[in-house]
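> Mind having a look at this structure? Questions to follow.
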Amino acid sequence: MSRGNYGEFYARDFGWCVQGLLALGQRERVLVTLRYALERYRKVGRITVAISPRGVPFDFPDCPSLDSVAYFFHALRLAEAADLVAEYHLFLEAQVRWVSGCLIDKDGLPRPIRFSGMRDHAVRSQSCYDTAALGLLSASASALGIETCLPSVKEYGRLLRSRFWVGTHFRDDLSGEKHVTADANVFPFWWGIVTDRRMLESALGASQEEGLDAPLPLKYVSGKVSERMIWVERFVPGWERDAIWAHMAMPFMELLA
């Protein structure tokens, strides 16, 4: 996952990479990695953001992560890891029950509590990104044959359009602000939760108008926008605001293409 500066296993980062790793013929290593993570996650009873080099699962910040769960199920689905799913079925089923029973409201939205996410320094309330991640989890769990009480991926598409779309782009969260953020306007489309081409063109256009792709793609948010961030941000100002994140550039450019 890195050149040594990050020695941990990250569920979301691995989920980003699985499709590329499979295309490079690395399926056996993908399966070994998934087994490694499943064994350690099962010992602590849940899927966390990361696993330390010593094999200890942990979250950063210290709160649940919807996208980590979603990306892990997504990785199992892409890898066609039927044997692993059968072996760890009870554990995986329990993860979906935990999400649907404890972390979402009756309407399917994330509860208004603190979640870790890709942009884990930002303080958000029921974010668009987390809602789209629930759609990814629903689709992946269903494809793996794991029972779920989550709304369907189509229902999540409708929920995103009705609660987050502001005419030109998806708002970041339900706090009332309507500024443009990259993760809210890339991942609902890249994950296939929303498939409307006109909405895609409008969202990408809004991101470009905000300068999120300049000088290179892609920033999380314009430097002109004021947001609440956790205390760690003081040590790395701008780290999850207007710094350039190359990993988001790849799905962004894929959508543009």
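Naming scheme: A, B, ... for chains in displayed order of the structure tokens; residues 1 onward per chain; ligands 1 onward as shown.
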Can you tell me which residues surround stretch 70-87 of chain A at a distance of at most 6 Å, considering only C-alpha atoms, apart from same-chain residues fewer than 4 positions away, and format the answer as a PyMOL selection string?
chain A and resi 11-12+15+133+136-137+140
> Please report as JSON lines every residue of stretch 104-138 of chain A lying within 12 Å of stretch 29-51 of chain A, along with the nearest atom pair and their distance in Å (one decimal), using only C-alpha atoms.

{"residue": "A:Phe115", "atom": "CA", "partner": "A:Val49", "partner_atom": "CA", "distance": 10.7}
{"residue": "A:Ser116", "atom": "CA", "partner": "A:Val49", "partner_atom": "CA", "distance": 7.8}
{"residue": "A:Gly117", "atom": "CA", "partner": "A:Val49", "partner_atom": "CA", "distance": 8.5}
{"residue": "A:Met118", "atom": "CA", "partner": "A:Val49", "partner_atom": "CA", "distance": 9.7}
{"residue": "A:Asp120", "atom": "CA", "partner": "A:Val49", "partner_atom": "CA", "distance": 10.4}
> Keeping only all heavy atoms, take the residues you just selected and write them out as a PDB file, in the first residue's frame.

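File produced: part_12.pdb:
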ATOM      1  N   PHE A 115     -18.619   9.609  12.513  1.00  0.00           N
ATOM      2  CA  PHE A 115     -18.090   8.470  11.778  1.00  0.00           C
ATOM      3  C   PHE A 115     -16.689   8.795  11.267  1.00  0.00           C
ATOM      4  O   PHE A 115     -16.399   9.930  10.899  1.00  0.00           O
ATOM      5  CB  PHE A 115     -18.973   8.123  10.573  1.00  0.00           C
ATOM      6  CG  PHE A 115     -20.274   7.462  10.930  1.00  0.00           C
ATOM      7  CD1 PHE A 115     -21.469   8.159  10.843  1.00  0.00           C
ATOM      8  CD2 PHE A 115     -20.311   6.141  11.346  1.00  0.00           C
ATOM      9  CE1 PHE A 115     -22.673   7.566  11.167  1.00  0.00           C
ATOM     10  CE2 PHE A 115     -21.504   5.527  11.670  1.00  0.00           C
ATOM     11  CZ  PHE A 115     -22.688   6.243  11.583  1.00  0.00           C
ATOM     12  N   SER A 116     -15.851   7.787  11.245  1.00  0.00           N
ATOM     13  CA  SER A 116     -14.600   7.906  10.506  1.00  0.00           C
ATOM     14  C   SER A 116     -14.907   7.664   9.038  1.00  0.00           C
ATOM     15  O   SER A 116     -15.794   6.880   8.700  1.00  0.00           O
ATOM     16  CB  SER A 116     -13.589   6.869  11.012  1.00  0.00           C
ATOM     17  OG  SER A 116     -12.434   6.881  10.207  1.00  0.00           O
ATOM     18  N   GLY A 117     -14.175   8.333   8.161  1.00  0.00           N
ATOM     19  CA  GLY A 117     -14.381   8.137   6.736  1.00  0.00           C
ATOM     20  C   GLY A 117     -13.113   8.444   5.983  1.00  0.00           C
ATOM     21  O   GLY A 117     -12.050   8.645   6.583  1.00  0.00           O
ATOM     22  N   MET A 118     -13.202   8.486   4.678  1.00  0.00           N
ATOM     23  CA  MET A 118     -12.023   8.815   3.885  1.00  0.00           C
ATOM     24  C   MET A 118     -11.465  10.170   4.299  1.00  0.00           C
ATOM     25  O   MET A 118     -10.260  10.364   4.421  1.00  0.00           O
ATOM     26  CB  MET A 118     -12.397   8.822   2.409  1.00  0.00           C
ATOM     27  CG  MET A 118     -11.246   9.153   1.483  1.00  0.00           C
ATOM     28  SD  MET A 118     -11.697   8.991  -0.246  1.00  0.00           S
ATOM     29  CE  MET A 118     -12.889  10.302  -0.389  1.00  0.00           C
ATOM     30  N   ASP A 120     -11.281  11.814   7.240  1.00  0.00           N
ATOM     31  CA  ASP A 120     -11.543  11.548   8.648  1.00  0.00           C
ATOM     32  C   ASP A 120     -11.226  12.709   9.578  1.00  0.00           C
ATOM     33  O   ASP A 120     -11.466  12.618  10.781  1.00  0.00           O
ATOM     34  CB  ASP A 120     -10.806  10.291   9.116  1.00  0.00           C
ATOM     35  CG  ASP A 120      -9.351  10.254   8.697  1.00  0.00           C
ATOM     36  OD1 ASP A 120      -8.764  11.324   8.452  1.00  0.00           O
ATOM     37  OD2 ASP A 120      -8.796   9.137   8.609  1.00  0.00           O
TER      38      ASP A 120
END
> Quick one: residues within 10 Å of stretch 242-244 of chain A, only C-alpha atoms, excluding same-chain residues fewer than 6 positions away - as number ranges by chain?
A: 211-225
> Taking the DSSP assignment computed from this structure's backbone, write out as a VMD selection string all residues of stretch 8-233 of chain A that belong to helix (DSSP H, G or I).
chain A and resid 11 to 23 27 to 44 66 to 78 82 to 87 89 to 103 128 to 143 153 to 163 182 to 190 197 to 209 231 to 233
> Select, from A:Asp196, A:Asp183, A:Asp62, A:Asp67, the residue with the minimum atom-to-atom distance to A:Leu134, counting only C-alpha atoms.
A:Asp67
> Using backbone DSSP assignments, extract all strand (DSSP E or B) residues from stretch 136-223 of chain A; output them as a list in words.
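Everything in stretch 136-223 of chain A that counts as strand (DSSP E or B) is Trp165, Phe170, Arg171, Val180, Thr181, Lys219 and Val221 of chain A.
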> Can you work out which one of A:Leu150, A:Met229, A:Val56, A:Ala184 has the shortest atom-to-atom distance to A:Gly101, counting only C-alpha atoms?
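Using only C-alpha atoms, A:Gly101 sits closest to A:Leu150.
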> Skipping near chain neighbours, those fewer than 5 positions away, what residues fall within 6 Å of stretch 170-180 of chain A using only C-alpha atoms, listed as a ChimeraX atom specification?
/A:125-128,164-165,185
> Suppose we keep all heavy atoms; can you now write the selection as a short mmCIF file (atom, residue, chain, number, x, y, z; two decimals), in the first residue's frame?

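Output file out08.cif follows:
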data_model
loop_
_atom_site.label_atom_id
_atom_site.label_comp_id
_atom_site.auth_asym_id
_atom_site.auth_seq_id
_atom_site.Cartn_x
_atom_site.Cartn_y
_atom_site.Cartn_z
N SER A 125 -22.22 15.89 9.51
CA SER A 125 -23.47 15.35 10.03
C SER A 125 -24.22 14.63 8.92
O SER A 125 -24.71 15.26 7.98
CB SER A 125 -24.34 16.49 10.60
OG SER A 125 -25.58 15.99 11.04
N GLN A 126 -24.28 13.31 9.00
CA GLN A 126 -24.98 12.49 8.00
C GLN A 126 -24.50 12.85 6.60
O GLN A 126 -25.23 13.40 5.78
CB GLN A 126 -26.49 12.68 8.14
CG GLN A 126 -27.04 12.22 9.50
CD GLN A 126 -28.51 12.48 9.65
OE1 GLN A 126 -28.92 13.63 9.73
NE2 GLN A 126 -29.32 11.43 9.69
N SER A 127 -23.27 12.50 6.31
CA SER A 127 -22.64 12.93 5.07
C SER A 127 -23.15 12.17 3.85
O SER A 127 -23.59 11.03 3.94
CB SER A 127 -21.12 12.78 5.17
OG SER A 127 -20.73 11.42 5.03
N CYS A 128 -23.05 12.83 2.72
CA CYS A 128 -23.38 12.22 1.43
C CYS A 128 -22.48 11.01 1.17
O CYS A 128 -22.93 9.96 0.72
CB CYS A 128 -23.23 13.26 0.33
SG CYS A 128 -23.56 12.66 -1.33
N PHE A 164 -29.70 15.02 -0.85
CA PHE A 164 -28.40 15.68 -0.99
C PHE A 164 -28.23 16.50 -2.26
O PHE A 164 -27.38 17.38 -2.32
CB PHE A 164 -27.27 14.64 -0.91
CG PHE A 164 -27.16 13.96 0.42
CD1 PHE A 164 -27.82 12.76 0.65
CD2 PHE A 164 -26.41 14.50 1.45
CE1 PHE A 164 -27.73 12.13 1.87
CE2 PHE A 164 -26.31 13.88 2.67
CZ PHE A 164 -26.97 12.69 2.90
N TRP A 165 -29.01 16.22 -3.29
CA TRP A 165 -28.84 16.93 -4.56
C TRP A 165 -29.42 18.33 -4.45
O TRP A 165 -30.56 18.52 -4.02
CB TRP A 165 -29.53 16.17 -5.68
CG TRP A 165 -29.26 16.74 -7.05
CD1 TRP A 165 -30.12 17.42 -7.85
CD2 TRP A 165 -28.02 16.68 -7.77
NE1 TRP A 165 -29.52 17.78 -9.03
CE2 TRP A 165 -28.22 17.34 -9.01
CE3 TRP A 165 -26.77 16.12 -7.50
CZ2 TRP A 165 -27.22 17.45 -9.96
CZ3 TRP A 165 -25.77 16.23 -8.45
CH2 TRP A 165 -26.00 16.89 -9.66
N ASN A 185 -19.13 14.21 -4.56
CA ASN A 185 -19.50 14.32 -5.97
C ASN A 185 -18.74 13.39 -6.90
O ASN A 185 -18.89 13.45 -8.11
CB ASN A 185 -19.32 15.78 -6.41
CG ASN A 185 -20.41 16.66 -5.83
OD1 ASN A 185 -21.54 16.64 -6.29
ND2 ASN A 185 -20.07 17.39 -4.77
#
> Report the distance between atom CA of A:Glu8 and atom CA of A:Cys63 in Å, rounded to one decimal place.
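Value for the atom CA of A:Glu8-atom CA of A:Cys63 distance: 17.8 Å.
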> Do a neighbour search on A:Glu155 at 9 Å with only C-alpha atoms, toss out local chain neighbours closer than 4 positions, and write the hits as a ChimeraX atom specification.
/A:108,135,151,159-160
> Give the answer as one residue: which of A:Thr148, A:Thr131, A:Thr181, A:Ser100 has the shortest atom-to-atom distance to A:Arg163, using only C-alpha atoms?
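Of A:Thr148, A:Thr131, A:Thr181, A:Ser100, the one nearest A:Arg163 is A:Thr131, counting only C-alpha atoms.
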> Skip A:Trp190 itself and residues of its chain fewer than 3 positions away, then list as a list of chain:residue names all residues within 10 Å of it, counting only C-alpha atoms.
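Once the nearby chain positions are removed, what remains is A:Asn185, A:Val186, A:Phe187, A:Ile193, A:Val194, A:Thr195, A:Leu200, A:Pro251, A:Phe252, A:Glu254, A:Leu255.
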> For those residues, write C-alpha atoms to a file as an mmCIF file, in the first residue's frame.

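Written out: selection-v1.cif:
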data_model
loop_
_atom_site.group_PDB
_atom_site.id
_atom_site.type_symbol
_atom_site.label_atom_id
_atom_site.label_comp_id
_atom_site.auth_asym_id
_atom_site.auth_seq_id
_atom_site.Cartn_x
_atom_site.Cartn_y
_atom_site.Cartn_z
ATOM 1 C CA ASN A 185 -19.496 14.323 -5.971
ATOM 2 C CA VAL A 186 -17.242 11.490 -7.089
ATOM 3 C CA PHE A 187 -18.062 8.371 -5.119
ATOM 4 C CA ILE A 193 -25.174 4.264 -6.618
ATOM 5 C CA VAL A 194 -26.316 7.145 -8.855
ATOM 6 C CA THR A 195 -26.214 6.529 -12.615
ATOM 7 C CA LEU A 200 -22.767 13.232 -13.244
ATOM 8 C CA PRO A 251 -11.914 7.812 -10.096
ATOM 9 C CA PHE A 252 -12.472 11.484 -10.986
ATOM 10 C CA GLU A 254 -12.353 7.783 -14.969
ATOM 11 C CA LEU A 255 -15.729 9.478 -14.577
#
> Please indicate the distance in Å from atom CA of A:Arg161 to atom CA of A:Ala132, rounded to one decimal place.
10.8 Å
> Check the smallest atom-to-atom distance from each of A:Gln26, A:Gly157, A:Glu93, A:Phe9 to A:Asp59 using only C-alpha atoms, then report the winner.
A:Phe9
> For the atom pair atom CA of A:Cys149 and atom CA of A:Ser65, what is the interatomic distance in Å to one decimal place?
18.3 Å
> Please provide as a PDB file with all heavy atoms, in the first residue's frame all residues within 12 Å of A:Arg234, with the sequence filter that same-chain residues fewer than 6 positions apart are discarded (counting only C-alpha atoms).

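File written: out21.pdb
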ATOM      1  N   HIS A 121     -10.695  13.824   9.060  1.00  0.00           N
ATOM      2  CA  HIS A 121     -10.486  15.009   9.891  1.00  0.00           C
ATOM      3  C   HIS A 121     -11.727  15.899   9.929  1.00  0.00           C
ATOM      4  O   HIS A 121     -11.836  16.760  10.796  1.00  0.00           O
ATOM      5  CB  HIS A 121      -9.314  15.837   9.371  1.00  0.00           C
ATOM      6  CG  HIS A 121      -7.981  15.197   9.577  1.00  0.00           C
ATOM      7  ND1 HIS A 121      -6.790  15.854   9.339  1.00  0.00           N
ATOM      8  CD2 HIS A 121      -7.638  13.953  10.009  1.00  0.00           C
ATOM      9  CE1 HIS A 121      -5.777  15.039   9.595  1.00  0.00           C
ATOM     10  NE2 HIS A 121      -6.276  13.888   9.995  1.00  0.00           N
ATOM     11  N   ARG A 228     -15.640  22.674   9.979  1.00  0.00           N
ATOM     12  CA  ARG A 228     -15.177  22.160  11.267  1.00  0.00           C
ATOM     13  C   ARG A 228     -14.296  20.936  11.039  1.00  0.00           C
ATOM     14  O   ARG A 228     -14.658  20.030  10.284  1.00  0.00           O
ATOM     15  CB  ARG A 228     -16.359  21.762  12.151  1.00  0.00           C
ATOM     16  CG  ARG A 228     -17.184  22.911  12.693  1.00  0.00           C
ATOM     17  CD  ARG A 228     -18.318  22.385  13.543  1.00  0.00           C
ATOM     18  NE  ARG A 228     -17.810  21.638  14.691  1.00  0.00           N
ATOM     19  CZ  ARG A 228     -18.499  20.693  15.341  1.00  0.00           C
ATOM     20  NH1 ARG A 228     -19.709  20.361  14.918  1.00  0.00           N
ATOM     21  NH2 ARG A 228     -17.976  20.090  16.388  1.00  0.00           N
ATOM     22  N   GLU A 240      -6.703  17.851   4.724  1.00  0.00           N
ATOM     23  CA  GLU A 240      -7.923  17.302   4.138  1.00  0.00           C
ATOM     24  C   GLU A 240      -8.877  18.413   3.706  1.00  0.00           C
ATOM     25  O   GLU A 240     -10.093  18.286   3.766  1.00  0.00           O
ATOM     26  CB  GLU A 240      -8.600  16.335   5.111  1.00  0.00           C
ATOM     27  CG  GLU A 240      -7.792  15.057   5.296  1.00  0.00           C
ATOM     28  CD  GLU A 240      -8.518  14.005   6.110  1.00  0.00           C
ATOM     29  OE1 GLU A 240      -9.634  14.266   6.568  1.00  0.00           O
ATOM     30  OE2 GLU A 240      -7.941  12.918   6.287  1.00  0.00           O
TER      31      GLU A 240
END
> Hey, which of A:Tyr156, A:Trp16, A:Trp98, A:Trp231 ends up closest to A:Met250? Count only C-alpha atoms.
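When distances to A:Met250 are compared using only C-alpha atoms, the smallest one comes from A:Trp16.
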